[in-house]
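Have a look at the structure below before the remarks.
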There are 4 protein chains.
Amino acid sequence: MSSEYGKMLKISVFGQSHGKAVGVNIDGLPAGEEIDEEKLCAFMQRRAPGKNAVSTERKEEDAPIFLSGIVNGRTCGSPICAIIENKDVRPADYEGFAVTPRPGHADYTAVVKYGKGADVRGGGHFSGRLTAPICIAGGLAKQILERRGIYIGAHLASVGNEKDDAFPIYPTKELFEEIENKPLPVINGESGERMTEAIKSAAAQLDSVGGTVECAVIGVKAGVGSPMFDGLENRIAAAVFGIPAVKGIEFGAGFESSKMFGSENNDAFEIKDGKVATKTNNCGGILGGISNGMPIVFRVAFKPTPSIGKEQKTVDLETVTDTVITVKGRHDPCVAVRAVPAVEAIAAIVMLDILLEENDGIIRNQEEN
Amino acid sequence: MSSEYGKMLKISVFGQSHGKAVGVNIDGLPAGEEIDEEKLCAFMQRRAPGKNAVSTERKEEDAPIFLSGIVNGRTCGSPICAIIENKDVRPADYEGFAVTPRPGHADYTAVVKYGKGADVRGGGHFSGRLTAPICIAGGLAKQILERRGIYIGAHLASVGNEKDDAFPIYPTKELFEEIENKPLPVINGESGERMTEAIKSAAAQLDSVGGTVECAVIGVKAGVGSPMFDGLENRIAAAVFGIPAVKGIEFGAGFESSKMFGSENNDAFEIKDGKVATKTNNCGGILGGISNGMPIVFRVAFKPTPSIGKEQKTVDLETVTDTVITVKGRHDPCVAVRAVPAVEAIAAIVMLDILLEENDGIIRNQEEN
Amino acid sequence: MSSEYGKMLKISVFGQSHGKAVGVNIDGLPAGEEIDEEKLCAFMQRRAPGKNAVSTERKEEDAPIFLSGIVNGRTCGSPICAIIENKDVRPADYEGFAVTPRPGHADYTAVVKYGKGADVRGGGHFSGRLTAPICIAGGLAKQILERRGIYIGAHLASVGNEKDDAFPIYPTKELFEEIENKPLPVINGESGERMTEAIKSAAAQLDSVGGTVECAVIGVKAGVGSPMFDGLENRIAAAVFGIPAVKGIEFGAGFESSKMFGSENNDAFEIKDGKVATKTNNCGGILGGISNGMPIVFRVAFKPTPSIGKEQKTVDLETVTDTVITVKGRHDPCVAVRAVPAVEAIAAIVMLDILLEENDGIIRNQEEN
Amino acid sequence: MSSEYGKMLKISVFGQSHGKAVGVNIDGLPAGEEIDEEKLCAFMQRRAPGKNAVSTERKEEDAPIFLSGIVNGRTCGSPICAIIENKDVRPADYEGFAVTPRPGHADYTAVVKYGKGADVRGGGHFSGRLTAPICIAGGLAKQILERRGIYIGAHLASVGNEKDDAFPIYPTKELFEEIENKPLPVINGESGERMTEAIKSAAAQLDSVGGTVECAVIGVKAGVGSPMFDGLENRIAAAVFGIPAVKGIEFGAGFESSKMFGSENNDAFEIKDGKVATKTNNCGGILGGISNGMPIVFRVAFKPTPSIGKEQKTVDLETVTDTVITVKGRHDPCVAVRAVPAVEAIAAIVMLDILLEENDGIIRNQEEN
């Protein structure tokens with residue numbers, strides 16, 4: 001059991017990359033919420049393959065089909081199941097990976113865990129394609145949060161050694177929209193160009209490259225979250241590692257804070273516009289697992305796409321000998337790019353889950369608001 | 001709800017820093033397990049305050065009292081509740097922090113969440129003192145895991161800008177023991193000296209300093225864990241952020257892998273001693289959320305202790321004006337030091353929880369083994 | 001959140017009676033299990049409508065379509081999503097029930113909870129139709145359990161005041177098959193005839209009638225389950241009330257035991273065929289929440305179908321006045337009849353969930369057995 | 001894992017009957033709630049042993065000691081751990097039951113599950129004594145619910161074949177108080193006398209007798225709960241079976257409704273005092289898992305105390321032969337009597353847990369109310 005997240009809002013993801021469909025069942029969304037399908041599709045498009053020069057050529061329309069839970073364009077309170085049919089499947093590209101597992105992929109661990117019947121075609125259930133249903137759930141959550149003044153945005157913070165500017169201390173909804181409308185989701189267009197070059201260069205060498213995504217949640221008032229094991233950091237982290245290729249997460253100054261003095265890292269409180277704020281945001285908007293009213297900020301590390309065109313050393317699990325493979329198939333040279341909306345989706349799912357749990361009246365059936 | 005972790009092994013932590021006691025209820029340990037209380041106390045001592053030159057002077061014996069679950073030195077299958085009485089409490093040191101919250105602490109967020117009745121004395125339930133009950137649970141889990149050949153060790157990987165050596169690709173039980181027996185838990189003694197200096201220097205300036213802890217789990221066979229939201233990374237991360245002051249976690253090469261090419265980062269498989277292994281361990285022993293048989297390795301970022309002797313800017317929540325405070329009380333100048341066993345404890349709790357869920361016969365009632 | 005059950009085996013049910021489809025996502029089935037679709041369909045047919053003289057005329061083929069999790073006829077370890085399309089829908093039959101709620105139905109409570117957008121057509125997500133996806137999950141669980149020698153059977157124990165014989169102390173697989181093959185699922189054919197008459201008579205009066213279902217699980221060895229809140233009784237009960245119209249559950253002698261003396265009710269232990277057994281089974285195979293090796297036996301009370309053709313008193317929620325309604329639509333006059341396989345399905349889901357949690361090697365990936 | 005209940009309000013029960021202490025950790029109570037310890041002790045006294053002519057002579061003061069979570073008489077938002085020390089323990093009374101298990105007890109199943117190290121002394125963790133910590137948690141929950149106008153009361157509905165009157169359709173707070181103040185918790189004093197005789201008579205014959213408890217929750221508005229697996233019935237049932245000796249539960253007309261026609265069982269809606277009500281309450285205040293605003297009513301079946309003074313047949317697990325035992329120790333001849341407050345406690349825990357999840361503003365930090 002594995003593919004489920006949430007406490008008040010339960011997300012169950014299903015499907016394999018080259019099976020009949022991928023999808024998600026969403027239980028716990030408030031009733032009476034209007035669903036803007038066009039807006040959802042626009043959000044889905046941000047992760048869709050084949051969109052720009054640096055993503056896989058696999059063509060999938062990725063239009064969700066809703067099987068339940070929505071009546072007359074509104075959530076009816078019952079679980080929402082949405083699926084995306086897999087059309088452009090080429091399982092033959094993946095024959096043999098259960099025997100000669102691809103380095104950096106879950107082929108080997110899946111075979112050990114599930115036996116020979118494991119579906120390793122295109123990564124099976126481990127595939128980045130599973131971020132599509134995550135984006136359906138996250139896209140709906142985003143719409144519901146926006147109606148309460150909570151906005152989530154992310155950008156590609158780095159590719160290899162090329163860095164984008166960091167979010168300002170107070171990111172805005174407008175900034176998020178600006179980022180979305182760029183060919184590459186970055187703050188600084190020049191950084192974007194250097195990143196594009198870095199990705200193309202890796203691709204040209206039949207290689208791939210890693211990257212990081214920075215995400216911000218604005219509009220969350222102070223006092224949301226819990227101490228210890230149920231804090232904002234715990235829950236966001238637990239969910240973010242559900243995105244394939246994630247290898248690290250940090251909040252606020254994160255690993256950098258481990259190099260700082262307390263006097264540098266502590267965020268001094270101040271009264272700003274009559275409200276409690278902090279002069280810096282090294283804590284990423286979270287103290288003791290609970291929001292302090294500042295933007296919630298975190299960064300996620302993505303490893304380079306494990307599927308590369310170069311020949312790689314591996315083993316033959318049947319003969320128990322060393323061997324080599326060359327991975328075919330269609331793959332993004334930098335998974336971090338299309339992961340940007342997936343990170344937003346995860347943030348939206350987690351925040352809505354937490355807010356549904358908090359008794360503050362922010363979230364209740366829309367009709368009553 | 002917040003202070004509970006686990007699925008098969010449930011850990012419920014309770015207590016406030018300056019209340020009557022802190023403790024933990026542990027439900028789900030296998031029955032018939034011998035409990036070595038002496039060994040547990042030795043483990044607890046590694047996090048106990050007042051132990052070395054760089055930790056708080058607060059004196060606590062931290063000897064756990066078991067209220068249930070252990071009969072004749074063995075687990076009887078029922079929940080184990082263990083408490084540690086708080087003796088050296090000085091709540092008066094903390095008066096006023098509900099009104100003028102300490103920067104970097106949870107005083108402000110606790111007051112917003114819980115109201116004026118929030119217990120902010122010494123951090124209340126948010127205090128690092130709560131890692132003591134975590135260490136009870138983790139210490140017991142470690143003993144049970146060791147009986148199955150699974151060992152967990154951690155070291156202080158950095159303090160400020162001073163770094164310890166990284167774990168070798170194959171850390172050993174002996175290395176873990178060596179680290180434990182040093183005054184500061186490091187691999188390289190010289191690094192340890194530089195770190196000690198860095199901490200003393202920060203303390204001398206009434207300041208504090210951050211650090212990182214690296215942890216390894218050895219002896220876990222391939223195939224343990226799950227994809228998506230229930231993977232090893234998700235579950236370890238979800239628990240690690242339960243330790244106060246943690247601001248980031250990364251597995252294997254972590255954030256560094258975001259700067260790498262796929263051809264560098266992918267861990268080539270090889271046959272080693274007749275078994276499948278990898279030549280490098282950039283994935284930290286985890287592929288697709290599932291162990292690949294290599295050591296599981298992760299690093300945790302700790303922010304500097306927020307309590308510092310320097311005057312700091314804050315606000316007065318009653319008058320809604322800016323003000324300053326100076327924090328008294330007894331505090332470690334670098335929380336990462338005493339956090340080392342807490343990180344091991346968390347790793348042990350999570351790994352035992354996951355192994356209890358896996359149907360591989362590694363964990364069953366001891367009597368039958 | 002509501003429509004999910006399980007700990008190791010997670011069942012998420014979705015769909016509304018008159019929506020596009022109903023379905024279930026099943027996460028946690030062991031990998032490598034052969035799926036006998038024909039057998040599953042035969043099981044589904046036992047609850048399918050339009051099957052005999054005493055069930056609704058709504059025609060649904062109820063053939064599940066598997067969207068994921070099954071490759072080459074075997075479970076691959078990833079979640080299994082299966083759907084059943086709703087074809088014979090007549091939402092117009094249900095217009096107005098959000099305003100003049102049907103007595104005994106969830107129309108009123110759904111509207112209060114979810115607002116005017118609640119889908120009350122045919123009971124929406126509250127409909128007995130949702131037992132179809134439960135039967136998919138349960139049917140698969142039954143196949144997996146049977147492979148381990150665990151069999152589940154149920155019969156219609158009573159309709160109104162007409163009673164079937166009770167299960168013998170040791171029910172057998174053969175008895176279960178015999179029951180399945182009768183027109184009405186009973187032990188004693190004559191009882192069946194009287195029950196059929198009772199149902200027809202109620203239907204003729206535009207009325208409905210209640211009933212009970214008795215279920216037995218055989219082949220579960222002693223020691224399965226847990227004390228207190230995680231016992232066999234707790235988990236079976238928690239799931240059984242997920243079937244619409246259930247109003248009570250009792251284990252073994254159940255409510256009858258409340259009238260007995262201890263000396264009558266206590267099941268004396270005996271050695272039978274070299275093994276520990278009990279002379280009677282008043283405890284229903286469960287002591288302290290844990291199986292004692294005897295058949296697990298429980299009975300479930302079903303209220304009469306709330307939809308009846310007679311005129312009934314209700315209220316108009318808009319005008320807040322008393323009024324009357326007559327319910328059209330196609331309804332079983334006794335929901336208990338078609339609920340028999342649903343009770344088995346629930347028992348199978350719960351038992352497999354619990355057995356997956358127990359470390360006894362009964363359940364592991366099929367390939368290794 | 002077993003001894004934990006709840007979703008928003010987590011109750012973790014620990015302790016064995018003849019160990020050092022029994023207790024409970026309660027995580028998730030709202031902050032700022034005043035705790036009336038005197039009232040709690042009065043509630044605890046209702047289940048305390050040695051109180052009347054028909055309960056065990058074991059003397060326990062059962063005064064809870066709070067280790068955490070309460071500051072200045074109010075909940076501070078952190079987990080509340082409360083313990084009761086076991087003083088009058090006589091473990092020697094229970095020697096040998098791991099070898100010759102008592103019929104009707106969990107001795108046998110505990111030994112199979114946990115091995116020889118299982119603590120069967122006085123039932124260990126399976127003992128009725130564990131209802132004491134349940135009553136601590138439930139007593140606190142009751143106080144919090146009462147502040148919101150929700151009252152819970154229960155009475156001994158039957159002992160053997162002697163029945164008390166049933167609750168009227170609208171039970172009141174005053175009725176609950178009246179019941180509490182009687183020597184035996186009944187509605188009709190004459191019934192109480194007959195029950196007392198029945199219990200004494202059973203005791204005189206070295207026997208015991210079963211009983212039922214009826215419980216009502218008043219003041220819950222319509223719309224609370226969820227369909228399918230998370231309904232009021234599911235959650236109450238899942239928790240009630242955590243009380244030792246429970247063998248059945250039914251809501252509203254329960255098993256009786258299985259004998260009724262739909263036209264009898266359906267509760268007609270009516271406008272009463274300007275609000276929606278029902279003329280009867282056969283559904284026990286629950287439709288589709290959701291409250292309809294009527295009193296929530298359920299009945300619980302308790303088997304007779306398994307410990308009886310009569311000689312009983314059992315087996316010797318070491319020699320695998322038939323044998324007999326006579327059970328000593330101090331035992332209630334009718335566990336249902338002292339279970340009355342335990343049933344109320346469970347109802348309070350479940351209702352508070354559910355209400356904390358519902359976003360209706362009923363439950364929030366007291367200070368803000």
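Residues are referred to by chain and number: the chain letter is A, B, ... according to the order shown in the structure tokens, the number counts from 1 in that chain, and ligands are numbered separately from 1 in the order shown.
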
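Taking only C-alpha atoms, the non-local environment of Ala98 (chain B) within 10 Å (same-chain residues fewer than 6 positions away omitted) comprises Ala106, Asp107, Tyr108, Thr109, Ala110, Val111, Val112, Gly115, Lys116, Gly117, Ala118, Asp119, Val120, Arg121, Asp316, Leu317 and Glu318 of chain B.
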
(message) Tell me as number ranges by chain which residues belonging to chain B come within 8 Å of chain D, counting only C-alpha atoms.
(response) B: 1-3, 8-10, 12-16, 19-22, 25, 27-32, 67-69, 71, 74-81, 114-119, 125, 365, 367

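CA of Val224 (chain B) is found 29.5 Å from CA of Asp207 (chain A).
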
(request) Between CA of Lys182 (chain B) and CA of Asp165 (chain B), measure the distance and give it in Å to one decimal. (result) 14.6 Å

(message) When DSSP is applied to the backbone of this structure, which of region 90-294 of chain C are assigned helix (DSSP H, G or I)? Write them out as number ranges by chain.
(response) C: 91-94, 107-114, 121-126, 128-146, 173-180, 189-204, 228-230, 232-240, 254-259, 262-265

For the selection just defined, write its residues with C-alpha atoms to a file, as an mmCIF file, in the first residue's frame.
data_model
loop_
_atom_site.group_PDB
_atom_site.id
_atom_site.type_symbol
_atom_site.label_atom_id
_atom_site.label_comp_id
_atom_site.auth_asym_id
_atom_site.auth_seq_id
_atom_site.Cartn_x
_atom_site.Cartn_y
_atom_site.Cartn_z
ATOM 1 C CA PRO C 91 -32.302 10.142 -12.826
ATOM 2 C CA ALA C 92 -35.697 11.670 -13.548
ATOM 3 C CA ASP C 93 -37.236 9.123 -11.187
ATOM 4 C CA TYR C 94 -35.541 10.940 -8.344
ATOM 5 C CA ASP C 107 -31.739 12.332 1.177
ATOM 6 C CA TYR C 108 -32.299 14.659 4.123
ATOM 7 C CA THR C 109 -28.976 14.074 5.830
ATOM 8 C CA ALA C 110 -27.094 14.390 2.518
ATOM 9 C CA VAL C 111 -28.740 17.703 1.777
ATOM 10 C CA VAL C 112 -27.940 19.016 5.257
ATOM 11 C CA LYS C 113 -24.338 17.849 4.975
ATOM 12 C CA TYR C 114 -23.534 18.632 1.356
ATOM 13 C CA ARG C 121 -30.531 10.547 -7.458
ATOM 14 C CA GLY C 122 -31.125 6.905 -6.615
ATOM 15 C CA GLY C 123 -29.404 7.443 -3.316
ATOM 16 C CA GLY C 124 -26.330 8.842 -5.066
ATOM 17 C CA HIS C 125 -23.212 7.626 -3.324
ATOM 18 C CA PHE C 126 -25.401 6.172 -0.540
ATOM 19 C CA GLY C 128 -26.969 -0.033 -2.583
ATOM 20 C CA ARG C 129 -25.426 0.065 -6.037
ATOM 21 C CA LEU C 130 -22.154 0.954 -4.323
ATOM 22 C CA THR C 131 -22.002 -2.614 -3.050
ATOM 23 C CA ALA C 132 -21.038 -3.587 -6.609
ATOM 24 C CA PRO C 133 -17.533 -2.106 -6.345
ATOM 25 C CA ILE C 134 -17.306 -3.516 -2.811
ATOM 26 C CA CYS C 135 -18.001 -6.911 -4.361
ATOM 27 C CA ILE C 136 -15.208 -6.424 -6.886
ATOM 28 C CA ALA C 137 -12.705 -5.819 -4.112
ATOM 29 C CA GLY C 138 -14.211 -8.550 -1.957
ATOM 30 C CA GLY C 139 -14.328 -11.005 -4.827
ATOM 31 C CA LEU C 140 -10.617 -10.533 -5.463
ATOM 32 C CA ALA C 141 -9.862 -10.837 -1.751
ATOM 33 C CA LYS C 142 -11.869 -14.054 -1.590
ATOM 34 C CA GLN C 143 -9.827 -15.607 -4.394
ATOM 35 C CA ILE C 144 -6.597 -14.743 -2.621
ATOM 36 C CA LEU C 145 -7.837 -16.059 0.711
ATOM 37 C CA GLU C 146 -9.097 -19.305 -0.805
ATOM 38 C CA LYS C 173 -16.704 -24.917 1.882
ATOM 39 C CA GLU C 174 -19.168 -27.401 0.392
ATOM 40 C CA LEU C 175 -22.022 -25.915 2.396
ATOM 41 C CA PHE C 176 -21.089 -22.462 1.133
ATOM 42 C CA GLU C 177 -21.201 -23.684 -2.467
ATOM 43 C CA GLU C 178 -24.539 -25.370 -1.898
ATOM 44 C CA ILE C 179 -26.004 -22.119 -0.589
ATOM 45 C CA GLU C 180 -24.667 -20.140 -3.534
ATOM 46 C CA GLY C 189 -34.701 -24.781 1.128
ATOM 47 C CA GLU C 190 -38.062 -24.764 2.869
ATOM 48 C CA SER C 191 -37.105 -21.705 4.832
ATOM 49 C CA GLY C 192 -36.150 -20.194 1.513
ATOM 50 C CA GLU C 193 -39.592 -20.765 0.159
ATOM 51 C CA ARG C 194 -41.233 -19.159 3.164
ATOM 52 C CA MET C 195 -38.872 -16.200 2.875
ATOM 53 C CA THR C 196 -39.647 -15.821 -0.813
ATOM 54 C CA GLU C 197 -43.327 -15.755 0.045
ATOM 55 C CA ALA C 198 -42.737 -13.151 2.729
ATOM 56 C CA ILE C 199 -40.876 -10.921 0.304
ATOM 57 C CA LYS C 200 -43.459 -11.324 -2.437
ATOM 58 C CA SER C 201 -46.218 -10.580 0.007
ATOM 59 C CA ALA C 202 -44.524 -7.393 1.173
ATOM 60 C CA ALA C 203 -43.942 -6.358 -2.442
ATOM 61 C CA ALA C 204 -47.575 -7.031 -3.283
ATOM 62 C CA MET C 228 -9.024 -3.365 22.126
ATOM 63 C CA PHE C 229 -9.650 -1.126 19.144
ATOM 64 C CA ASP C 230 -8.055 -3.235 16.464
ATOM 65 C CA LEU C 232 -11.523 -8.727 14.584
ATOM 66 C CA GLU C 233 -14.891 -7.538 15.865
ATOM 67 C CA ASN C 234 -13.959 -3.862 15.700
ATOM 68 C CA ARG C 235 -12.664 -4.106 12.168
ATOM 69 C CA ILE C 236 -15.440 -6.284 10.795
ATOM 70 C CA ALA C 237 -18.071 -4.064 12.419
ATOM 71 C CA ALA C 238 -16.442 -0.875 11.149
ATOM 72 C CA ALA C 239 -16.603 -2.228 7.611
ATOM 73 C CA VAL C 240 -19.998 -3.947 7.699
ATOM 74 C CA GLY C 254 -24.198 -11.965 20.240
ATOM 75 C CA PHE C 255 -27.244 -10.387 21.834
ATOM 76 C CA GLU C 256 -28.366 -13.839 22.930
ATOM 77 C CA SER C 257 -25.270 -14.117 25.133
ATOM 78 C CA SER C 258 -26.515 -11.119 27.104
ATOM 79 C CA LYS C 259 -29.305 -13.372 28.362
ATOM 80 C CA GLY C 262 -21.364 -17.502 32.189
ATOM 81 C CA SER C 263 -21.467 -21.250 32.620
ATOM 82 C CA GLU C 264 -23.656 -21.506 29.503
ATOM 83 C CA ASN C 265 -21.917 -18.929 27.387
#

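These are the residues of region 32-161 of chain D assigned strand (DSSP E) by DSSP from backbone coordinates: Ile65, Phe66, Ile70, Val71, Arg74, Thr75, Ile80, Cys81, Ala82, Ile83, Ile84, Glu85, Tyr151, Ile152, Gly153, Ala154, His155, Leu156, Ala157, Ser158 and Val159 of chain D.
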
(request) For CA of Ala48 (chain D) and CA of Asn86 (chain D), determine how far apart the two atoms are, in Å to one decimal place. (result) 12.8 Å

(message) Restricting the calculation to only C-alpha atoms: of B:Gly223, B:Pro244, B:Gly274, B:Pro333, which residue gets closest to Ile290 (chain B)?
(response) B:Gly223
